[in-house]
file run29.cif (mmCIF, C-alpha atoms and all ligand atoms)
data_structure
#
loop_
_atom_site.label_atom_id
_atom_site.label_comp_id
_atom_site.auth_asym_id
_atom_site.auth_seq_id
_atom_site.Cartn_x
_atom_site.Cartn_y
_atom_site.Cartn_z
CA MET A 131 153.89 112.54 174.53
CA THR A 132 154.34 111.34 178.04
CA VAL A 133 157.21 113.07 179.83
CA ASP A 134 158.34 109.72 181.19
CA LEU A 135 158.54 108.05 177.78
CA LEU A 136 160.43 111.00 176.32
CA ALA A 137 162.89 110.95 179.23
CA ARG A 138 163.51 107.23 178.77
CA GLY A 139 163.97 107.74 175.03
CA LEU A 140 166.43 110.61 175.51
CA ALA A 141 168.41 108.60 178.06
CA GLN A 142 169.02 105.89 175.44
CA ALA A 143 169.21 108.10 172.33
CA SER A 144 172.63 108.36 170.73
CA ASP A 145 172.66 112.12 170.05
CA THR A 146 169.58 114.08 171.13
CA ARG A 147 169.66 115.55 174.65
CA LEU A 148 166.61 117.82 174.74
CA VAL A 149 163.21 117.87 173.03
CA ASP A 150 160.73 120.70 173.56
CA VAL A 151 157.40 120.40 171.72
CA GLY A 152 154.46 122.68 172.57
CA ARG A 153 152.87 126.07 172.25
CA GLY A 154 155.08 129.05 173.11
CA VAL A 155 158.29 127.17 172.30
CA LEU A 156 159.45 129.88 169.90
CA ALA A 157 159.26 132.55 172.61
CA ARG A 158 161.41 130.53 174.99
CA SER A 159 163.76 129.15 172.32
CA GLY A 160 166.54 131.67 173.11
CA THR A 161 166.66 130.75 176.79
CA VAL A 162 166.40 127.01 176.12
CA LEU A 163 169.22 127.09 173.57
CA ALA A 164 171.37 129.43 175.73
CA GLU A 165 171.17 126.91 178.57
CA THR A 166 171.93 123.88 176.42
CA LEU A 167 173.71 124.08 173.06
CA PHE A 168 175.22 127.51 173.71
CA SER A 169 176.17 127.13 177.38
CA THR A 170 179.83 127.01 176.31
CA GLY A 171 179.66 130.52 174.81
CA ARG A 172 179.95 129.55 171.13
CA PRO A 173 178.15 131.89 168.69
CA ALA A 174 174.94 130.76 166.92
CA LEU A 175 174.33 130.65 163.17
CA VAL A 176 170.65 130.46 162.24
CA VAL A 177 170.13 128.70 158.88
CA ALA A 178 166.76 129.05 157.14
CA ASP A 179 165.16 129.76 153.78
CA GLU A 180 162.99 132.82 153.13
CA ARG A 181 159.82 130.97 154.10
CA THR A 182 161.12 129.38 157.30
CA TRP A 183 162.89 132.62 158.21
CA ASN A 184 159.50 134.31 158.18
CA ALA A 185 157.78 131.40 159.92
CA ALA A 186 160.24 131.04 162.81
CA GLY A 187 163.85 131.94 161.94
CA ARG A 188 163.58 135.66 162.64
CA ALA A 189 161.97 134.92 166.02
CA VAL A 190 164.63 132.35 166.97
CA HIS A 191 167.46 134.70 165.93
CA ALA A 192 165.95 137.51 168.04
CA ALA A 193 165.33 135.18 170.99
CA LEU A 194 168.96 133.96 170.95
CA ASP A 195 170.18 137.56 170.85
CA ALA A 196 167.88 138.53 173.72
CA ALA A 197 169.11 135.56 175.76
CA GLY A 198 172.70 136.80 175.44
CA VAL A 199 173.92 134.32 172.81
CA GLU A 200 176.32 135.82 170.30
CA VAL A 201 174.57 135.54 166.92
CA ALA A 202 176.35 135.44 163.55
CA GLU A 203 174.78 136.97 160.46
CA PRO A 204 172.00 134.45 159.62
CA LEU A 205 172.24 132.33 156.48
CA VAL A 206 168.92 132.61 154.63
CA PHE A 207 168.51 130.69 151.35
CA PRO A 208 165.98 131.79 148.69
CA GLY A 209 162.46 130.43 149.26
CA HIS A 210 162.02 129.64 145.59
CA PRO A 211 162.90 127.33 143.94
CA VAL A 212 162.69 124.92 146.86
CA LEU A 213 166.11 124.28 148.44
CA TYR A 214 167.68 121.03 147.27
CA ALA A 215 169.41 118.47 149.51
CA ALA A 216 172.65 118.69 147.56
CA LEU A 217 176.20 118.40 148.87
CA GLU A 218 177.21 121.84 147.63
CA ASN A 219 174.51 123.46 149.80
CA SER A 220 175.73 121.56 152.86
CA GLU A 221 179.32 122.57 152.11
CA ALA A 222 178.28 126.22 151.89
CA ILE A 223 176.71 125.95 155.36
CA ARG A 224 179.75 124.13 156.72
CA GLU A 225 182.08 126.92 155.58
CA ARG A 226 179.86 129.61 157.10
CA LEU A 227 179.82 127.70 160.39
CA ARG A 228 183.59 127.27 160.27
CA ALA A 229 184.24 130.92 159.44
CA ALA A 230 182.02 132.12 162.28
CA GLY A 231 183.19 129.45 164.73
CA ALA A 232 179.47 128.94 165.30
CA LEU A 233 177.09 126.08 166.10
CA GLY A 234 174.17 125.72 163.70
CA VAL A 235 170.50 126.25 164.43
CA ALA A 236 168.51 124.79 161.53
CA VAL A 237 165.09 126.39 161.16
CA GLY A 238 162.91 124.48 158.73
CA SER A 239 161.61 121.10 157.73
CA GLY A 240 163.39 118.22 155.99
CA THR A 241 165.98 119.74 153.69
CA ILE A 242 167.36 122.53 155.88
CA ASN A 243 167.65 120.13 158.80
CA ASP A 244 169.48 117.58 156.64
CA LEU A 245 171.89 120.19 155.27
CA VAL A 246 172.80 121.60 158.70
CA LYS A 247 172.96 118.07 160.15
CA LEU A 248 175.52 117.03 157.57
CA ALA A 249 177.52 120.28 157.82
CA SER A 250 177.65 119.95 161.62
CA GLY A 251 178.59 116.27 161.36
CA ASP A 252 181.48 117.18 159.06
CA LEU A 253 182.73 119.65 161.69
CA GLU A 254 182.09 117.11 164.49
CA GLN A 255 179.97 119.61 166.40
CA PRO A 256 176.40 119.48 167.74
CA TYR A 257 173.50 121.49 166.33
CA ALA A 258 169.86 122.29 167.06
CA VAL A 259 166.79 122.11 164.86
CA VAL A 260 163.66 124.24 165.17
CA GLY A 261 160.95 122.46 163.17
CA THR A 262 158.54 124.48 161.07
CA ALA A 263 156.25 121.79 159.62
CA ALA A 264 154.97 118.40 160.77
CA SER A 265 156.05 116.97 157.44
CA MET A 266 158.20 113.89 158.19
CA ASP A 267 159.92 111.96 160.97
CA GLY A 268 163.49 112.86 160.09
CA TYR A 269 163.84 115.82 162.51
CA SER A 270 165.29 113.72 165.28
CA GLY A 271 166.85 111.02 163.11
CA PHE A 272 170.51 110.55 162.23
CA GLY A 273 171.90 110.54 158.70
CA ALA A 274 171.15 112.94 155.86
CA PRO A 275 169.80 111.83 152.47
CA MET A 276 171.69 113.84 149.84
CA SER A 277 171.76 113.99 146.07
CA SER A 278 175.16 113.80 144.46
CA ASP A 279 175.60 113.39 140.69
CA GLY A 280 171.96 112.33 140.36
CA VAL A 281 172.21 109.49 142.90
CA LYS A 282 170.54 109.51 146.30
CA VAL A 283 172.79 108.53 149.20
CA THR A 284 172.30 108.74 152.95
CA MET A 285 175.34 110.43 154.45
CA PRO A 286 176.14 109.28 158.00
CA CYS A 287 175.93 112.11 160.55
CA PRO A 288 174.56 112.44 164.10
CA ALA A 289 171.01 113.57 164.94
CA PRO A 290 170.42 117.04 166.45
CA ALA A 291 171.38 117.64 170.08
CA VAL A 292 168.30 119.82 170.62
CA VAL A 293 164.88 119.57 168.89
CA LEU A 294 162.41 122.45 169.32
CA PHE A 295 158.93 122.52 167.82
CA ASP A 296 156.32 125.21 168.31
CA LEU A 297 152.82 123.86 167.60
CA ASP A 298 151.51 127.23 166.38
CA VAL A 299 154.27 127.30 163.75
CA ALA A 300 153.46 123.71 162.71
CA ALA A 301 149.74 124.54 162.43
CA ALA A 302 150.44 127.58 160.22
CA ALA A 303 152.57 125.61 157.72
CA PRO A 304 151.14 124.94 154.23
CA PRO A 305 148.47 122.16 154.37
CA GLY A 306 150.44 119.82 152.09
CA MET A 307 153.14 119.55 154.75
CA VAL A 308 150.96 118.20 157.54
CA ALA A 309 149.41 115.79 155.04
CA SER A 310 152.93 114.55 154.36
CA GLY A 311 153.75 114.08 158.04
CA TYR A 312 150.44 112.31 158.53
CA GLY A 313 151.32 109.93 155.68
CA ASP A 314 154.78 109.29 157.15
CA LEU A 315 153.34 108.52 160.59
CA SER A 316 150.59 106.25 159.18
CA ALA A 317 153.45 104.08 157.85
CA LYS A 318 154.24 103.01 161.42
CA ILE A 319 151.13 100.80 161.33
CA PRO A 320 152.17 98.30 158.60
CA ALA A 321 155.85 98.87 159.50
CA GLY A 322 155.10 97.61 163.03
CA ALA A 323 153.43 94.52 161.59
CA ASP A 324 156.52 93.84 159.45
CA TRP A 325 158.71 94.20 162.54
CA ILE A 326 156.55 91.65 164.40
CA LEU A 327 157.09 89.14 161.58
CA SER A 328 160.82 89.77 161.35
CA ASP A 329 161.19 89.47 165.12
CA ALA A 330 159.28 86.16 165.07
CA VAL A 331 162.00 84.49 163.00
CA GLY A 332 164.84 86.19 164.86
CA LEU A 333 165.95 88.60 162.12
CA ASP A 334 165.30 91.98 163.78
CA PRO A 335 164.54 91.45 167.48
CA ILE A 336 162.00 93.95 168.83
CA ASP A 337 163.60 96.44 171.22
CA PRO A 338 160.83 97.21 173.76
CA LEU A 339 161.80 100.88 174.24
CA ALA A 340 162.17 101.60 170.50
CA TRP A 341 158.82 99.87 169.93
CA GLU A 342 157.10 101.92 172.62
CA LEU A 343 158.63 105.18 171.34
CA VAL A 344 157.29 104.61 167.84
CA GLN A 345 154.05 102.77 168.42
CA SER A 346 152.55 104.01 171.70
CA GLY A 347 151.35 107.35 170.36
CA VAL A 348 150.50 106.51 166.75
CA THR A 349 146.77 105.92 167.23
CA GLU A 350 146.31 109.18 169.11
CA ALA A 351 148.57 111.11 166.75
CA LEU A 352 146.45 110.03 163.77
CA SER A 353 143.10 110.48 165.55
CA GLN A 354 142.29 114.05 164.44
CA PRO A 355 142.90 114.27 160.67
CA ARG A 356 140.25 116.94 160.06
CA GLU A 357 141.51 119.19 162.86
CA LEU A 358 145.05 118.85 161.48
CA ALA A 359 143.90 119.79 157.99
CA ALA A 360 142.02 122.75 159.49
CA GLY A 361 145.21 123.99 161.21
CA ASN A 362 144.07 123.62 164.84
CA PRO A 363 147.35 123.95 166.86
CA ASP A 364 146.25 121.70 169.73
CA ALA A 365 145.61 118.84 167.29
CA TYR A 366 149.29 119.02 166.30
CA ALA A 367 150.66 117.94 169.69
CA GLY A 368 150.18 114.23 169.02
CA LEU A 369 151.38 114.29 165.42
CA VAL A 370 154.52 116.34 166.09
CA SER A 371 155.36 114.26 169.16
CA GLY A 372 154.82 111.06 167.19
CA LEU A 373 157.18 112.22 164.44
CA VAL A 374 159.87 113.30 166.92
CA LEU A 375 159.58 110.09 168.99
CA SER A 376 159.89 108.04 165.82
CA GLY A 377 163.26 109.68 165.14
CA LEU A 378 164.34 109.01 168.73
CA ALA A 379 163.38 105.35 168.30
CA MET A 380 165.76 105.13 165.33
CA GLN A 381 168.51 106.58 167.55
CA VAL A 382 167.74 104.07 170.30
CA TYR A 383 167.69 101.16 167.81
CA ARG A 384 170.59 102.59 165.75
CA GLY A 385 168.68 101.76 162.62
CA THR A 386 165.52 102.65 160.73
CA ARG A 387 163.67 99.37 161.38
CA PRO A 388 161.35 100.86 164.05
CA ALA A 389 160.05 103.51 161.65
CA SER A 390 159.82 101.82 158.27
CA GLY A 391 158.85 98.61 156.54
CA ALA A 392 157.86 97.58 153.02
CA GLU A 393 155.57 100.61 152.63
CA HIS A 394 158.66 102.84 152.56
CA TYR A 395 160.19 100.83 149.71
CA PHE A 396 157.32 101.82 147.44
CA SER A 397 158.16 105.43 148.25
CA HIS A 398 161.91 104.97 147.74
CA LEU A 399 161.39 103.24 144.38
CA TRP A 400 159.08 106.00 143.14
CA GLU A 401 161.57 108.58 144.35
CA LEU A 402 164.37 106.87 142.42
CA ALA A 403 162.08 107.03 139.36
CA HIS A 404 161.79 110.82 140.01
CA LEU A 405 158.01 110.61 140.53
CA GLY A 406 156.68 114.15 140.97
CA ALA A 407 160.20 115.60 141.08
CA ASP A 408 159.29 118.33 138.59
CA GLN A 409 156.25 119.48 140.58
CA ASP A 410 156.51 122.71 142.55
CA PRO A 411 157.00 121.93 145.39
CA PRO A 412 158.23 118.41 144.49
CA LEU A 413 156.04 115.47 145.56
CA SER A 414 156.92 114.88 149.22
CA HIS A 415 158.22 111.76 150.94
CA GLY A 416 155.07 111.42 153.07
CA HIS A 417 152.72 111.65 150.10
CA LYS A 418 154.44 108.69 148.44
CA VAL A 419 154.59 106.83 151.75
CA ALA A 420 150.81 107.28 152.19
CA ILE A 421 150.12 105.25 149.04
CA GLY A 422 152.74 102.66 150.03
CA THR A 423 151.05 102.39 153.44
CA LEU A 424 147.63 101.80 151.88
CA ALA A 425 149.09 99.23 149.48
CA MET A 426 150.68 97.33 152.37
CA SER A 427 147.59 97.62 154.60
CA ALA A 428 145.48 96.11 151.80
CA PHE A 429 148.11 93.40 151.27
CA TYR A 430 148.05 92.50 154.96
CA GLU A 431 144.26 92.20 154.82
CA CYS A 432 144.46 89.76 151.93
CA PHE A 433 147.24 87.87 153.71
CA LEU A 434 145.26 87.55 156.96
CA ALA A 435 142.16 86.43 155.04
CA ARG A 436 144.06 83.17 154.57
CA ASP A 437 144.94 80.63 157.23
CA LEU A 438 148.70 80.20 157.47
CA THR A 439 148.33 77.16 159.75
CA SER A 440 146.81 75.20 156.85
CA LEU A 441 149.89 75.89 154.68
CA ASP A 442 151.35 72.77 153.06
CA ILE A 443 154.98 73.35 154.01
CA ASP A 444 156.23 70.38 151.95
CA ALA A 445 154.59 71.82 148.84
CA ALA A 446 155.96 75.32 149.54
CA VAL A 447 159.48 73.94 150.00
CA ALA A 448 159.20 71.85 146.82
CA ALA A 449 158.09 74.92 144.86
CA TRP A 450 160.83 77.20 146.29
CA ALA A 451 162.82 78.87 143.51
CA PRO A 452 166.60 78.29 143.50
CA TRP A 453 168.71 81.45 143.87
CA GLU A 454 169.64 81.59 140.15
CA GLU A 455 165.95 81.87 139.26
CA VAL A 456 165.38 84.60 141.85
CA GLU A 457 168.36 86.58 140.60
CA ALA A 458 167.14 86.30 137.00
CA ASP A 459 163.74 87.62 138.06
CA ILE A 460 165.34 90.56 139.88
CA ARG A 461 167.52 91.44 136.89
CA ALA A 462 164.47 91.31 134.62
CA ARG A 463 162.71 93.88 136.81
CA PHE A 464 165.50 96.35 137.62
CA GLN A 465 168.06 98.10 135.45
CA GLY A 466 171.70 99.04 136.00
CA ALA A 467 173.08 99.68 139.46
CA LEU A 468 169.66 99.16 141.02
CA ALA A 469 169.64 95.57 139.71
CA ASP A 470 172.96 94.88 141.47
CA HIS A 471 171.67 96.58 144.62
CA ALA A 472 168.42 94.57 144.70
CA THR A 473 170.27 91.32 143.98
CA ALA A 474 172.67 91.87 146.89
CA GLU A 475 169.88 92.94 149.26
CA THR A 476 167.61 90.01 148.42
CA HIS A 477 170.49 87.55 148.73
CA VAL A 478 170.86 88.52 152.41
CA LYS A 479 167.35 87.30 153.25
CA TYR A 480 167.28 84.36 150.83
CA VAL A 481 167.33 80.92 152.46
CA ASP A 482 167.82 77.46 150.96
CA ARG A 483 165.11 74.79 151.17
CA ALA A 484 166.15 73.65 154.63
CA GLY A 485 166.14 77.24 155.83
CA LEU A 486 162.73 77.81 154.27
CA ARG A 487 161.29 74.73 155.98
CA GLN A 488 162.54 76.02 159.31
CA ARG A 489 161.30 79.58 158.74
CA LEU A 490 157.81 78.52 157.64
CA GLY A 491 157.66 75.99 160.48
CA THR A 492 158.39 78.76 162.98
CA PHE A 493 155.64 80.99 161.58
CA VAL A 494 153.06 78.19 161.48
CA GLY A 495 154.03 77.02 164.97
CA HIS A 496 153.60 80.50 166.46
CA TRP A 497 150.73 81.71 164.28
CA ALA A 498 148.15 81.36 167.07
CA GLU A 499 149.91 84.17 168.97
CA LEU A 500 151.30 86.12 165.99
CA ARG A 501 148.00 86.51 164.17
CA PRO A 502 146.18 88.42 166.98
CA ARG A 503 149.22 90.65 167.46
CA LEU A 504 149.15 91.54 163.76
CA GLU A 505 145.40 92.13 163.82
CA LYS A 506 145.77 94.44 166.82
CA GLN A 507 148.60 96.32 165.11
CA LEU A 508 146.84 96.89 161.78
CA VAL A 509 144.08 99.32 160.80
CA PRO A 510 141.63 98.33 158.02
CA ALA A 511 142.83 99.78 154.71
CA ARG A 512 139.53 101.53 154.03
CA THR A 513 139.57 103.17 157.47
CA LEU A 514 143.13 104.34 156.92
CA GLN A 515 142.22 105.57 153.45
CA ARG A 516 139.42 107.72 154.90
CA MET A 517 141.72 109.11 157.59
CA LEU A 518 144.41 109.99 155.03
CA ARG A 519 141.84 111.69 152.83
CA ASP A 520 140.52 113.69 155.80
CA ALA A 521 144.07 114.85 156.55
CA GLY A 522 144.45 116.02 152.95
CA ALA A 523 146.91 113.22 152.17
CA PRO A 524 146.86 110.98 149.07
CA ALA A 525 144.29 108.17 149.21
CA VAL A 526 144.36 106.77 145.65
CA PRO A 527 147.35 106.21 143.30
CA GLU A 528 146.08 108.99 140.98
CA ASP A 529 146.65 111.49 143.81
CA ILE A 530 150.39 111.06 143.26
CA GLY A 531 150.26 110.65 139.49
CA LEU A 532 150.18 106.84 139.38
CA THR A 533 147.64 104.20 138.34
CA ALA A 534 146.62 101.11 140.30
CA ALA A 535 148.59 99.11 137.70
CA ASP A 536 151.73 101.11 138.56
CA VAL A 537 151.33 100.30 142.25
CA LYS A 538 150.70 96.65 141.41
CA ALA A 539 153.91 96.52 139.36
CA THR A 540 155.85 97.99 142.30
CA PHE A 541 154.98 95.11 144.67
CA PRO A 542 157.66 92.63 143.49
CA LYS A 543 160.25 95.40 143.32
CA ALA A 544 159.42 96.47 146.89
CA MET A 545 159.98 92.86 147.97
CA TYR A 546 163.42 92.73 146.33
CA TYR A 547 164.57 96.27 147.15
CA ARG A 548 165.96 95.78 150.67
CA SER A 549 167.34 92.96 152.79
CA ARG A 550 164.81 93.80 155.51
CA TYR A 551 162.26 91.00 155.97
CA THR A 552 158.60 91.94 155.52
CA VAL A 553 155.23 90.27 154.93
CA LEU A 554 156.06 90.40 151.20
CA ASP A 555 158.86 87.91 151.84
CA LEU A 556 156.67 85.65 153.95
CA ALA A 557 154.02 85.69 151.22
CA ARG A 558 156.59 84.71 148.60
CA GLU A 559 158.02 81.98 150.80
CA ALA A 560 154.53 80.58 151.34
CA GLY A 561 153.95 80.60 147.57
CA TRP A 562 151.13 83.16 147.90
CA PHE A 563 152.78 86.33 146.63
CA ASP A 564 151.34 86.66 143.12
CA GLU A 565 147.85 85.58 144.17
CA LEU A 566 147.80 88.06 147.07
CA VAL A 567 148.94 90.93 144.85
CA ASP A 568 146.10 89.99 142.46
CA ASP A 569 143.70 89.96 145.44
CA VAL A 570 144.72 93.51 146.41
CA PHE A 571 143.73 94.81 142.98
CA ALA A 572 140.70 92.51 142.40
CA ALA A 573 137.18 93.87 141.88
CA GLY A 574 135.79 95.25 145.13
CA GLY A 575 139.30 96.05 146.40
CA LEU A 576 140.60 99.37 147.69
CA TRP A 577 141.53 100.74 144.27
CA SER A 578 139.43 98.72 141.82
ZN ZN B 1 159.47 108.17 156.25
#
call {"tool": "encode", "arguments": {"input": "run29.cif", "output": "structure tokens", "more": "lines below"}}
Ligand SMILES: [Zn+2]
result
Amino acid sequence: MTVDLLARGLAQASDTRLVDVGRGVLARSGTVLAETLFSTGRPALVVADERTWNAAGRAVHAALDAAGVEVAEPLVFPGHPVLYAALENSEAIRERLRAAGALGVAVGSGTINDLVKLASGDLEQPYAVVGTAASMDGYSGFGAPMSSDGVKVTMPCPAPAVVLFDLDVAAAAPPGMVASGYGDLSAKIPAGADWILSDAVGLDPIDPLAWELVQSGVTEALSQPRELAAGNPDAYAGLVSGLVLSGLAMQVYRGTRPASGAEHYFSHLWELAHLGADQDPPLSHGHKVAIGTLAMSAFYECFLARDLTSLDIDAAVAAWAPWEEVEADIRARFQGALADHATAETHVKYVDRAGLRQRLGTFVGHWAELRPRLEKQLVPARTLQRMLRDAGAPAVPEDIGLTAADVKATFPKAMYYRSRYTVLDLAREAGWFDELVDDVFAAGGLWS
């Protein structure tokens, strides 16, 4: 990560003030935290589970003590079963922080960070995170996904003030975790393409700094899958930086658009269906995202194999389904509260025939410049599949317990799931959606 880019990102980020990624970070963590988060003399409460306590928590606790920071008795959750992102766990942390008058230092990957983030947000106080695995891009993001009464909700809360990541710790984490982070970062490729399309019709304007934070390091960060799988610490610099910068980009943009597109909706839908939830450890976010990323990369290839400039706009407008028909289709595909959710989300991006004519006209009129930008942004699906496999990440639907038919059936749901505009919407508006989904799964395709 270039120092300059990081500095520009931190200057615009809503919450994070300091990021330190490298080798030897653990050893200097006490001094760094004493000079930043704990400069006001508040005590520190290290929160970990048994695994992350052994990986880094004990060292951070000792380093804080040695640097003269008052340390409260650490809060160490059992390592097994895997800690759950549930409100009661966050409330337990909040009460320990309150009782000790302490600021939290989360030591761990996704869940521990989310729990301490929410607890600190409740108390309106800053916290630090010391990452232990390159498993996802949520370290430096705001908001905490929590389960409450069986429903998944993202609770609003600020991102960490300080993010520390020691590359030797990341490299020693279980191999499935780096595979997950690799999958989550690979998503930035099709997600960037979706952002280009949405920007082109004025829905989500590209913010140049947020774009640069997410996209500038992706190619390099994904360039050494075998070394990552082999646990070579130096190979982790790019991946960890990429994941942290992606979170900063969300802070700069004040939304998740820079870091996710339609590929993430496959993952969210499978998560809502509890895919792999009973595995030990449960199927990770990044593993599901990897398959969503391949699905969307293959879809983009089929899309770009056609010539949008030869689209018969009159015919597309004439064939455009009225809203009642769209809503009926959504309600046939989703059940219960999710049907209401998808209906409301899709309604936001639905346009009438005049709106469709204008939208398609804009795409066709600018396709000569949009097409090369998309081609430059994308990586061939087969290349990406090989890279994911080399990193130990899922490369075929069966790797996450699905069939190609399951992934195929998820395409229309992914289109309806969120109001965010993606290539799936453009394909539907052009009247190509069903044919392109068939193309993705045709003989000779990625998963045929
Ligand atoms: Zn993600």
call {"tool": "residues_near_ligand", "arguments": {"input": "run29.cif", "ligand": "ligand ZN 1 (chain B)", "cutoff": "8 Å", "atoms": "only C-alpha atoms and all ligand atoms", "output": "NGL selection string"}}
result
:A and (266-268 or 314-315 or 317 or 389-390 or 394 or 415-416 or 419)
call {"tool": "closest_residue", "arguments": {"input": "run29.cif", "among": "A:Gly261, A:Pro412, A:Pro304, A:Gly139", "to": "Ala360 in chain A", "atoms": "all atoms listed in the file"}}
result
A:Pro304
call {"tool": "residues_around", "arguments": {"input": "run29.cif", "residues": "Leu163 in chain A", "least_positions_apart": "5", "cutoff": "9 Å", "atoms": "all atoms listed in the file", "output": "list in words"}}
result
Arg158, Phe168, Ser169, Leu194, Ala197, Val199, Ala258 and Val292 of chain A
call {"tool": "write_last_selection", "arguments": {"input": "run29.cif", "atoms": "C-alpha atoms", "output": "CSV table (one decimal), in the frame of the given file"}}
result
chain,number,residue,atom,x,y,z
A,158,ARG,CA,161.4,130.5,175.0
A,168,PHE,CA,175.2,127.5,173.7
A,169,SER,CA,176.2,127.1,177.4
A,194,LEU,CA,169.0,134.0,171.0
A,197,ALA,CA,169.1,135.6,175.8
A,199,VAL,CA,173.9,134.3,172.8
A,258,ALA,CA,169.9,122.3,167.1
A,292,VAL,CA,168.3,119.8,170.6
call {"tool": "atom_distance", "arguments": {"input": "run29.cif", "atom1": "CA of Ser310 in chain A", "atom2": "CA of Ser265 in chain A"}}
result
5.0 Å
call {"tool": "axis_aligned_box", "arguments": {"input": "run29.cif", "around": "range 247-261 of chain A", "padding_each_side": "3 Å", "output": "JSON"}}
result
{"center_x": 171.8, "center_y": 120.3, "center_z": 162.7, "size_x": 27.8, "size_y": 14.0, "size_z": 16.2}
call {"tool": "closest_residue", "arguments": {"input": "run29.cif", "among": "A:Ala249, A:Leu135, A:Ala498, A:Ala229", "to": "Pro288 in chain A", "atoms": "all atoms listed in the file"}}
result
A:Ala249
call {"tool": "atom_distance", "arguments": {"input": "run29.cif", "atom1": "CA of Ile326 in chain A", "atom2": "CA of Pro355 in chain A"}}
result
26.7 Å
call {"tool": "closest_residue", "arguments": {"input": "run29.cif", "among": "A:Val331, A:Ile530, A:Ala451, A:Ala196", "to": "Gly422 in chain A", "atoms": "all atoms listed in the file"}}
result
A:Ile530
call {"tool": "residues_near_point", "arguments": {"input": "run29.cif", "point": "(177.3, 133.4, 171.0)", "cutoff": "12 Å", "atoms": "all atoms listed in the file", "output": "NGL selection string"}}
result
:A and (160 or 163-165 or 167-176 or 191 or 194-203 or 230-235)
call {"tool": "residues_around", "arguments": {"input": "run29.cif", "residues": "Glu350 in chain A", "least_positions_apart": "2", "cutoff": "12 Å", "atoms": "only C-alpha atoms", "output": "PyMOL selection string"}}
result
chain A and resi 131+312+315-316+344-348+352-355+365-372
